[in-house]
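Accompanying notes for the structure given below.
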Amino acid sequence: MSARGGAPEPAAPRGAAVLSVTDVSKSFRRGVLRRRRTDVLKGASMEVRPGELVGLVGENGSGKSVLMKIVVGLLARDGGEVGRTGTLGYCPQEPLLWEKLTVGEHFELFARAYGLADDAATGAEELLLDELEFSRYRGYRVEELSGGTRQKLNLALALMHEPALLLLDEPYAGFDWETYVHFWEMAERRRERGMAILVVSHLLTERERLTRVFTLRDGRMVSE
Amino acid sequence: MSTTLAFAREHLRAPLTIVLLVALPAAFVVLAASVLGEFADALGGSLVADAASALGAGWSAAFIAGSLGFFQASSSRGADRRLALSGLGVAGVALARIGASLILAVVAGLAAFIALAAETGIAHPWHAAVAILGFAIIYLGVGTVIGALIPSPLEGSLAVAFIFILDVFSGPGMTEGDGSPVSISRSAADVLISSAVGQGSSAEDWIELSLWLAGSLLVALGVFVASARSRL
């Protein structure tokens, strides 16, 4: 993610991993006294390089979103290492938005956070509103949006600054078929420009578009 | 639009908030003040009419600010953390939340002050305004802490209400003496009661109030920092 007030960091050179996850482990304590322990990740490892479109699949509850949150920094890991280079864009599984702010206001807030200049921010916003076809909702508050449109905003905010590494957690949940197709076209365009993209989903049907697919099984990664 | 204004706007857009900003001060100052004196007598305290009205204004500002502080802390943690990770940083998000909290406290205090000014004359209006704002800022800290500990809207709102009720009925004028030590708004209440009955407040009272306000803002800032920080 870009440093505040500066230009976005340049993408890492092709070949060097933009994301490196090594033996990451994570468990959760449950119960009233928090004495029961659930091991979700037991040494997950993976890499994503520039220009790769990588899939991460697994059953419901396998730990995909937990791993994603650890990589982003929303959750602490119990063990292992996470290495990232370049700027980061993150599209969470649940849209993390402010209910009473409008679509346009969300773009403004994130443009400021990413350190985008006014013209770059305006250009990025217009492009994404057009690509995802929700321009007419710019003045709508998030609470007024449908689930699919919220997800469009959720995705657009991750893409605004054209990051070196894009992490997408179930990015097309709630999308109609047309938007789903647009999503993969958008991902493909950005991959060709050198962006490293990791898509997490419990269902990946576009495997021919993917460079690699990792499967999270029993807390560990299996590479196809 | 700055991040601070965006956060403040987020809470002021709720229609219920606007209604409460008008209705609560009116209810506390106009309606409740008339029975507060009787409550105070029953509990061993003593409240003249003007002091009861002034305290009503303080408590309405406190309740509104406490509720808004709770929702600031509880409802936006995920989005705030995402914004911090996107480059605004923990400090940027926390300072924006504190700024928004202060705006909300001023709005709550202003609504209460207007209700009080409309109902009674105020011998020391500036003292009263600062004291009412003091109520709001103290409860901002209370609401923020509760929001950090209790994310559920129902349970959190009940916790704010519980602390508020304890504070009200243990405050100066409602009980014998200078009020119970558990009354967290006591310093603000002392200044407010004095302003309502035409007395100034001592330097000690102002210092005590200032310390409470500074403490409340520091606690709220700490909550926002903890809420927005990365777990890397």
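Residue names in the structure tokens use chain letters A, B, ... in the order shown, residue numbers from 1 in each chain, and ligand numbers from 1 in the order shown.
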Contact residues (chain B, partner chain A, 8 Å, only C-alpha atoms) as a PyMOL selection string: chain B and resi 1-3+6+9-11+13-14+76+78-79+81-89+230-232
Can you tell me, as a PyMOL selection string, what residues are no more than 12 Å from B:Leu158 when counting only C-alpha atoms, ignoring any on the same chain fewer than 6 positions away? chain B and resi 63+66-67+70+143+146-147+150-152+164-165
Just asking: which residues within stretch 116-229 of chain B are helix (DSSP H, G or I) according to DSSP, as a compact mmCIF listing (two decimals) with C-alpha atoms, in the first residue's frame?
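Everything below was put into result.txt:
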# COMPACT_ATOMS: atom_id res chain seq x y z
CA LEU B 116 -31.19 25.47 28.08
CA ALA B 117 -30.90 29.05 26.86
CA ALA B 118 -34.41 28.86 25.43
CA GLU B 119 -35.82 27.56 28.71
CA PRO B 125 -23.40 31.46 29.69
CA TRP B 126 -19.78 30.78 28.70
CA HIS B 127 -19.17 28.72 31.83
CA ALA B 128 -22.34 26.80 31.13
CA ALA B 129 -21.35 26.20 27.50
CA VAL B 130 -17.93 24.87 28.48
CA ALA B 131 -19.41 22.68 31.21
CA ILE B 132 -22.04 21.24 28.85
CA LEU B 133 -19.30 20.54 26.31
CA GLY B 134 -17.41 18.94 29.18
CA PHE B 135 -20.27 16.53 29.78
CA ALA B 136 -20.22 15.64 26.09
CA ILE B 137 -16.47 15.05 25.95
CA ILE B 138 -16.41 12.95 29.12
CA TYR B 139 -19.14 10.72 27.75
CA LEU B 140 -17.45 10.59 24.39
CA GLY B 141 -14.65 8.76 26.16
CA VAL B 142 -17.13 6.51 27.95
CA GLY B 143 -18.99 5.63 24.75
CA THR B 144 -15.76 5.00 22.85
CA VAL B 145 -14.43 2.60 25.46
CA ILE B 146 -17.73 0.72 25.58
CA GLY B 147 -17.76 0.58 21.78
CA ALA B 148 -14.30 -0.99 21.81
CA LEU B 149 -15.26 -3.60 24.40
CA PRO B 153 -25.36 -2.30 19.39
CA LEU B 154 -27.98 -3.47 21.89
CA GLU B 155 -25.59 -4.49 24.66
CA GLY B 156 -23.37 -1.49 24.10
CA SER B 157 -26.25 0.97 24.19
CA LEU B 158 -27.49 -0.62 27.40
CA ALA B 159 -24.02 -0.32 28.92
CA VAL B 160 -23.88 3.39 28.04
CA ALA B 161 -27.34 3.87 29.53
CA PHE B 162 -26.39 1.98 32.71
CA ILE B 163 -23.30 4.10 33.33
CA PHE B 164 -25.31 7.20 32.55
CA ILE B 165 -28.04 6.35 35.07
CA LEU B 166 -25.49 5.56 37.79
CA ASP B 167 -23.77 8.84 37.09
CA VAL B 168 -26.95 10.91 37.07
CA PHE B 169 -28.24 9.65 40.39
CA ARG B 186 -19.02 15.48 38.77
CA SER B 187 -16.44 18.05 37.70
CA ALA B 188 -18.58 19.22 34.79
CA ALA B 189 -21.70 19.19 36.95
CA ASP B 190 -20.06 21.39 39.60
CA VAL B 191 -19.15 24.06 37.04
CA LEU B 192 -22.56 23.83 35.40
CA ILE B 193 -24.52 24.13 38.64
CA SER B 194 -22.41 27.12 39.68
CA SER B 195 -23.00 28.85 36.35
CA ALA B 196 -26.74 28.24 36.61
CA ALA B 203 -9.59 27.55 39.68
CA GLU B 204 -9.55 24.09 41.27
CA ASP B 205 -12.89 23.25 39.66
CA TRP B 206 -11.63 24.35 36.23
CA ILE B 207 -8.40 22.39 36.61
CA GLU B 208 -10.28 19.29 37.67
CA LEU B 209 -12.63 19.61 34.70
CA SER B 210 -9.70 20.14 32.33
CA LEU B 211 -7.99 17.00 33.60
CA TRP B 212 -11.15 14.96 33.08
CA LEU B 213 -11.55 16.29 29.55
CA ALA B 214 -7.93 15.64 28.67
CA GLY B 215 -8.15 12.17 30.14
CA SER B 216 -11.31 11.36 28.23
CA LEU B 217 -9.82 12.51 24.92
CA LEU B 218 -6.64 10.51 25.55
CA VAL B 219 -8.65 7.40 26.32
CA ALA B 220 -10.73 7.86 23.18
CA LEU B 221 -7.58 8.42 21.12
CA GLY B 222 -6.09 5.25 22.56
CA VAL B 223 -9.18 3.30 21.58
CA PHE B 224 -9.08 4.60 18.01
CA VAL B 225 -5.35 3.85 17.72
CA ALA B 226 -5.85 0.30 18.99
CA SER B 227 -8.78 -0.17 16.66
CA ALA B 228 -7.01 1.03 13.52
Quick one: residues within 8 Å of A:Phe214, only C-alpha atoms counted, chain neighbours fewer than 2 positions away excluded, as an NGL selection string? :A and (46 or 54-57 or 212 or 216 or 221-224)
Go ahead and dump the residues you just picked, all heavy atoms, as a PDB file, in the first residue's frame.
ATOM      1  N   MET A  46       3.175 -20.014   0.117  1.00  0.00           N
ATOM      2  CA  MET A  46       2.862 -19.730  -1.280  1.00  0.00           C
ATOM      3  C   MET A  46       3.650 -18.504  -1.730  1.00  0.00           C
ATOM      4  O   MET A  46       4.168 -17.747  -0.912  1.00  0.00           O
ATOM      5  CB  MET A  46       1.366 -19.483  -1.476  1.00  0.00           C
ATOM      6  CG  MET A  46       0.839 -18.293  -0.713  1.00  0.00           C
ATOM      7  SD  MET A  46      -0.938 -18.064  -0.897  1.00  0.00           S
ATOM      8  CE  MET A  46      -1.031 -17.693  -2.629  1.00  0.00           C
ATOM      9  N   VAL A  54      -3.092 -15.729  -9.768  1.00  0.00           N
ATOM     10  CA  VAL A  54      -3.036 -16.965  -8.966  1.00  0.00           C
ATOM     11  C   VAL A  54      -4.343 -17.157  -8.228  1.00  0.00           C
ATOM     12  O   VAL A  54      -4.921 -16.206  -7.701  1.00  0.00           O
ATOM     13  CB  VAL A  54      -1.861 -16.885  -7.963  1.00  0.00           C
ATOM     14  CG1 VAL A  54      -1.848 -18.098  -7.048  1.00  0.00           C
ATOM     15  CG2 VAL A  54      -0.544 -16.764  -8.714  1.00  0.00           C
ATOM     16  N   GLY A  55      -4.803 -18.386  -8.207  1.00  0.00           N
ATOM     17  CA  GLY A  55      -6.026 -18.703  -7.478  1.00  0.00           C
ATOM     18  C   GLY A  55      -5.705 -19.428  -6.180  1.00  0.00           C
ATOM     19  O   GLY A  55      -4.741 -20.171  -6.086  1.00  0.00           O
ATOM     20  N   LEU A  56      -6.517 -19.173  -5.165  1.00  0.00           N
ATOM     21  CA  LEU A  56      -6.415 -19.889  -3.887  1.00  0.00           C
ATOM     22  C   LEU A  56      -7.803 -20.411  -3.567  1.00  0.00           C
ATOM     23  O   LEU A  56      -8.742 -19.635  -3.399  1.00  0.00           O
ATOM     24  CB  LEU A  56      -5.925 -18.962  -2.786  1.00  0.00           C
ATOM     25  CG  LEU A  56      -5.937 -19.529  -1.355  1.00  0.00           C
ATOM     26  CD1 LEU A  56      -5.044 -20.752  -1.242  1.00  0.00           C
ATOM     27  CD2 LEU A  56      -5.486 -18.470  -0.341  1.00  0.00           C
ATOM     28  N   VAL A  57      -7.923 -21.731  -3.545  1.00  0.00           N
ATOM     29  CA  VAL A  57      -9.229 -22.340  -3.300  1.00  0.00           C
ATOM     30  C   VAL A  57      -9.177 -23.202  -2.053  1.00  0.00           C
ATOM     31  O   VAL A  57      -8.109 -23.536  -1.553  1.00  0.00           O
ATOM     32  CB  VAL A  57      -9.691 -23.186  -4.512  1.00  0.00           C
ATOM     33  CG1 VAL A  57      -9.840 -22.326  -5.746  1.00  0.00           C
ATOM     34  CG2 VAL A  57      -8.723 -24.334  -4.758  1.00  0.00           C
ATOM     35  N   ARG A 212      -1.514 -20.203 -11.748  1.00  0.00           N
ATOM     36  CA  ARG A 212      -1.417 -21.339 -10.831  1.00  0.00           C
ATOM     37  C   ARG A 212      -2.622 -21.329  -9.900  1.00  0.00           C
ATOM     38  O   ARG A 212      -3.229 -20.284  -9.705  1.00  0.00           O
ATOM     39  CB  ARG A 212      -0.149 -21.216  -9.970  1.00  0.00           C
ATOM     40  CG  ARG A 212       1.120 -21.727 -10.602  1.00  0.00           C
ATOM     41  CD  ARG A 212       2.324 -21.497  -9.702  1.00  0.00           C
ATOM     42  NE  ARG A 212       2.597 -20.080  -9.505  1.00  0.00           N
ATOM     43  CZ  ARG A 212       3.143 -19.575  -8.413  1.00  0.00           C
ATOM     44  NH1 ARG A 212       3.441 -20.341  -7.395  1.00  0.00           N
ATOM     45  NH2 ARG A 212       3.393 -18.284  -8.308  1.00  0.00           N
ATOM     46  N   LEU A 216      -5.974 -24.852  -0.371  1.00  0.00           N
ATOM     47  CA  LEU A 216      -5.741 -24.901   1.075  1.00  0.00           C
ATOM     48  C   LEU A 216      -6.529 -26.074   1.639  1.00  0.00           C
ATOM     49  O   LEU A 216      -7.756 -26.112   1.565  1.00  0.00           O
ATOM     50  CB  LEU A 216      -6.200 -23.587   1.705  1.00  0.00           C
ATOM     51  CG  LEU A 216      -5.751 -23.267   3.133  1.00  0.00           C
ATOM     52  CD1 LEU A 216      -4.258 -23.351   3.296  1.00  0.00           C
ATOM     53  CD2 LEU A 216      -6.237 -21.896   3.548  1.00  0.00           C
ATOM     54  N   MET A 221      -0.947 -25.809   2.264  1.00  0.00           N
ATOM     55  CA  MET A 221      -1.165 -25.461   0.858  1.00  0.00           C
ATOM     56  C   MET A 221      -0.749 -26.606  -0.040  1.00  0.00           C
ATOM     57  O   MET A 221       0.317 -27.183   0.115  1.00  0.00           O
ATOM     58  CB  MET A 221      -0.329 -24.223   0.520  1.00  0.00           C
ATOM     59  CG  MET A 221      -0.943 -23.378  -0.557  1.00  0.00           C
ATOM     60  SD  MET A 221      -2.403 -22.500   0.026  1.00  0.00           S
ATOM     61  CE  MET A 221      -1.613 -21.133   0.864  1.00  0.00           C
ATOM     62  N   VAL A 222      -1.624 -26.879  -1.007  1.00  0.00           N
ATOM     63  CA  VAL A 222      -1.302 -27.851  -2.037  1.00  0.00           C
ATOM     64  C   VAL A 222      -1.314 -27.117  -3.361  1.00  0.00           C
ATOM     65  O   VAL A 222      -2.290 -26.461  -3.708  1.00  0.00           O
ATOM     66  CB  VAL A 222      -2.348 -28.992  -2.071  1.00  0.00           C
ATOM     67  CG1 VAL A 222      -2.052 -29.938  -3.215  1.00  0.00           C
ATOM     68  CG2 VAL A 222      -2.370 -29.723  -0.743  1.00  0.00           C
ATOM     69  N   SER A 223      -0.214 -27.165  -4.120  1.00  0.00           N
ATOM     70  CA  SER A 223      -0.145 -26.439  -5.382  1.00  0.00           C
ATOM     71  C   SER A 223      -0.486 -27.367  -6.534  1.00  0.00           C
ATOM     72  O   SER A 223      -0.005 -28.486  -6.581  1.00  0.00           O
ATOM     73  CB  SER A 223       1.269 -25.874  -5.574  1.00  0.00           C
ATOM     74  OG  SER A 223       1.377 -25.240  -6.828  1.00  0.00           O
ATOM     75  N   GLU A 224      -1.365 -26.876  -7.439  1.00  0.00           N
ATOM     76  CA  GLU A 224      -1.719 -27.705  -8.585  1.00  0.00           C
ATOM     77  C   GLU A 224      -0.751 -27.484  -9.734  1.00  0.00           C
ATOM     78  O   GLU A 224      -0.333 -26.344  -9.944  1.00  0.00           O
ATOM     79  CB  GLU A 224      -3.130 -27.345  -9.053  1.00  0.00           C
ATOM     80  CG  GLU A 224      -4.178 -27.712  -8.023  1.00  0.00           C
ATOM     81  CD  GLU A 224      -5.579 -27.417  -8.516  1.00  0.00           C
ATOM     82  OE1 GLU A 224      -5.737 -26.963  -9.655  1.00  0.00           O
ATOM     83  OE2 GLU A 224      -6.510 -27.641  -7.724  1.00  0.00           O
TER      84      GLU A 224
END
Chain A: which residues are strand (DSSP E) by DSSP, as a PyMOL selection string? chain A and resi 19-30+36-48+53-58+79-84+88-91+165-169+196-200+212-217+220-223
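Residue nearest B:Phe113 within the list B:Ser60, B:Thr4, B:Ser75, B:Ser185: B:Ser60 [criterion: smallest interatomic distance, only C-alpha atoms].
The gap separating atom CA of A:Ser20 from atom CA of A:Leu116 is 26.7 Å, in Å to one decimal.
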Select, from A:Glu143, A:Glu131, A:Glu208, A:Asp218, the residue with the minimum atom-to-atom distance to A:Gly43, counting only C-alpha atoms. A:Asp218
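Using only C-alpha atoms, the smallest distance between any of A:Arg209, A:Arg29, A:Arg37, A:His202 and A:Trp184 comes from A:Arg209.
For the pair atom CA of A:Ala17 and atom CA of A:Leu165, the separation is 10.0 Å.
Excluding A:Ala196 itself and same-chain residues fewer than 6 positions from it, the residues having an atom within 10 Å of it are Ala11, Ala12, Arg14, Ala17, Val18, Leu19, Val48, Arg49, Pro50, Gly51, Glu52, Leu53, Val54, Leu88, Pro163, Ala164, Leu165, Leu166, Leu167, Ala187 and Arg190 of chain A, counting only C-alpha atoms.
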Using the selection just defined, write its residues with N, CA and C atoms as a PDB file, in the first residue's frame.
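Just written: result.pdb:
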ATOM      1  N   ALA A  11       6.335  -1.088  -9.219  1.00  0.00           N
ATOM      2  CA  ALA A  11       6.140  -2.530  -9.102  1.00  0.00           C
ATOM      3  C   ALA A  11       7.488  -3.225  -8.981  1.00  0.00           C
ATOM      4  N   ALA A  12       7.510  -4.351  -8.281  1.00  0.00           N
ATOM      5  CA  ALA A  12       8.734  -5.130  -8.121  1.00  0.00           C
ATOM      6  C   ALA A  12       9.150  -5.680  -9.483  1.00  0.00           C
ATOM      7  N   ARG A  14      10.001  -8.059 -12.556  1.00  0.00           N
ATOM      8  CA  ARG A  14       9.448  -9.365 -12.892  1.00  0.00           C
ATOM      9  C   ARG A  14      10.420 -10.440 -12.423  1.00  0.00           C
ATOM     10  N   ALA A  17       9.371 -12.488  -6.271  1.00  0.00           N
ATOM     11  CA  ALA A  17       8.022 -12.637  -5.713  1.00  0.00           C
ATOM     12  C   ALA A  17       7.562 -11.339  -5.075  1.00  0.00           C
ATOM     13  N   VAL A  18       6.358 -10.940  -5.385  1.00  0.00           N
ATOM     14  CA  VAL A  18       5.751  -9.758  -4.768  1.00  0.00           C
ATOM     15  C   VAL A  18       5.148 -10.133  -3.428  1.00  0.00           C
ATOM     16  N   LEU A  19       4.706 -11.392  -3.351  1.00  0.00           N
ATOM     17  CA  LEU A  19       4.158 -11.884  -2.092  1.00  0.00           C
ATOM     18  C   LEU A  19       4.807 -13.223  -1.783  1.00  0.00           C
ATOM     19  N   VAL A  48       3.558 -15.302  -4.994  1.00  0.00           N
ATOM     20  CA  VAL A  48       2.910 -14.704  -6.159  1.00  0.00           C
ATOM     21  C   VAL A  48       3.912 -13.745  -6.787  1.00  0.00           C
ATOM     22  N   ARG A  49       4.082 -13.853  -8.096  1.00  0.00           N
ATOM     23  CA  ARG A  49       5.057 -13.008  -8.793  1.00  0.00           C
ATOM     24  C   ARG A  49       4.343 -12.013  -9.694  1.00  0.00           C
ATOM     25  N   PRO A  50       5.054 -10.963 -10.124  1.00  0.00           N
ATOM     26  CA  PRO A  50       4.437  -9.972 -11.018  1.00  0.00           C
ATOM     27  C   PRO A  50       3.933 -10.645 -12.291  1.00  0.00           C
ATOM     28  N   GLY A  51       2.792 -10.184 -12.768  1.00  0.00           N
ATOM     29  CA  GLY A  51       2.247 -10.726 -13.994  1.00  0.00           C
ATOM     30  C   GLY A  51       1.587 -12.083 -13.826  1.00  0.00           C
ATOM     31  N   GLU A  52       1.394 -12.522 -12.568  1.00  0.00           N
ATOM     32  CA  GLU A  52       0.719 -13.803 -12.332  1.00  0.00           C
ATOM     33  C   GLU A  52      -0.701 -13.556 -11.838  1.00  0.00           C
ATOM     34  N   LEU A  53      -1.588 -14.418 -12.267  1.00  0.00           N
ATOM     35  CA  LEU A  53      -2.965 -14.418 -11.766  1.00  0.00           C
ATOM     36  C   LEU A  53      -3.146 -15.771 -11.076  1.00  0.00           C
ATOM     37  N   VAL A  54      -3.092 -15.729  -9.768  1.00  0.00           N
ATOM     38  CA  VAL A  54      -3.036 -16.965  -8.966  1.00  0.00           C
ATOM     39  C   VAL A  54      -4.343 -17.157  -8.228  1.00  0.00           C
ATOM     40  N   LEU A  88       0.027  -2.426  -2.306  1.00  0.00           N
ATOM     41  CA  LEU A  88      -0.949  -3.494  -2.081  1.00  0.00           C
ATOM     42  C   LEU A  88      -2.362  -2.961  -2.237  1.00  0.00           C
ATOM     43  N   PRO A 163      -2.224  -1.182  -7.835  1.00  0.00           N
ATOM     44  CA  PRO A 163      -1.149  -1.692  -6.966  1.00  0.00           C
ATOM     45  C   PRO A 163      -0.281  -2.739  -7.659  1.00  0.00           C
ATOM     46  N   ALA A 164       0.876  -2.990  -7.092  1.00  0.00           N
ATOM     47  CA  ALA A 164       1.754  -4.047  -7.601  1.00  0.00           C
ATOM     48  C   ALA A 164       1.182  -5.419  -7.254  1.00  0.00           C
ATOM     49  N   LEU A 165       0.522  -5.516  -6.087  1.00  0.00           N
ATOM     50  CA  LEU A 165      -0.059  -6.776  -5.633  1.00  0.00           C
ATOM     51  C   LEU A 165      -1.519  -6.541  -5.286  1.00  0.00           C
ATOM     52  N   LEU A 166      -2.378  -7.330  -5.889  1.00  0.00           N
ATOM     53  CA  LEU A 166      -3.819  -7.194  -5.664  1.00  0.00           C
ATOM     54  C   LEU A 166      -4.334  -8.472  -5.020  1.00  0.00           C
ATOM     55  N   LEU A 167      -4.933  -8.335  -3.847  1.00  0.00           N
ATOM     56  CA  LEU A 167      -5.488  -9.488  -3.122  1.00  0.00           C
ATOM     57  C   LEU A 167      -7.001  -9.387  -3.147  1.00  0.00           C
ATOM     58  N   ALA A 187      -9.179  -8.195 -14.672  1.00  0.00           N
ATOM     59  CA  ALA A 187      -8.043  -8.867 -14.034  1.00  0.00           C
ATOM     60  C   ALA A 187      -6.977  -9.227 -15.081  1.00  0.00           C
ATOM     61  N   ARG A 190      -4.961  -6.176 -16.216  1.00  0.00           N
ATOM     62  CA  ARG A 190      -3.999  -5.725 -15.206  1.00  0.00           C
ATOM     63  C   ARG A 190      -2.853  -6.731 -15.060  1.00  0.00           C
TER      64      ARG A 190
END
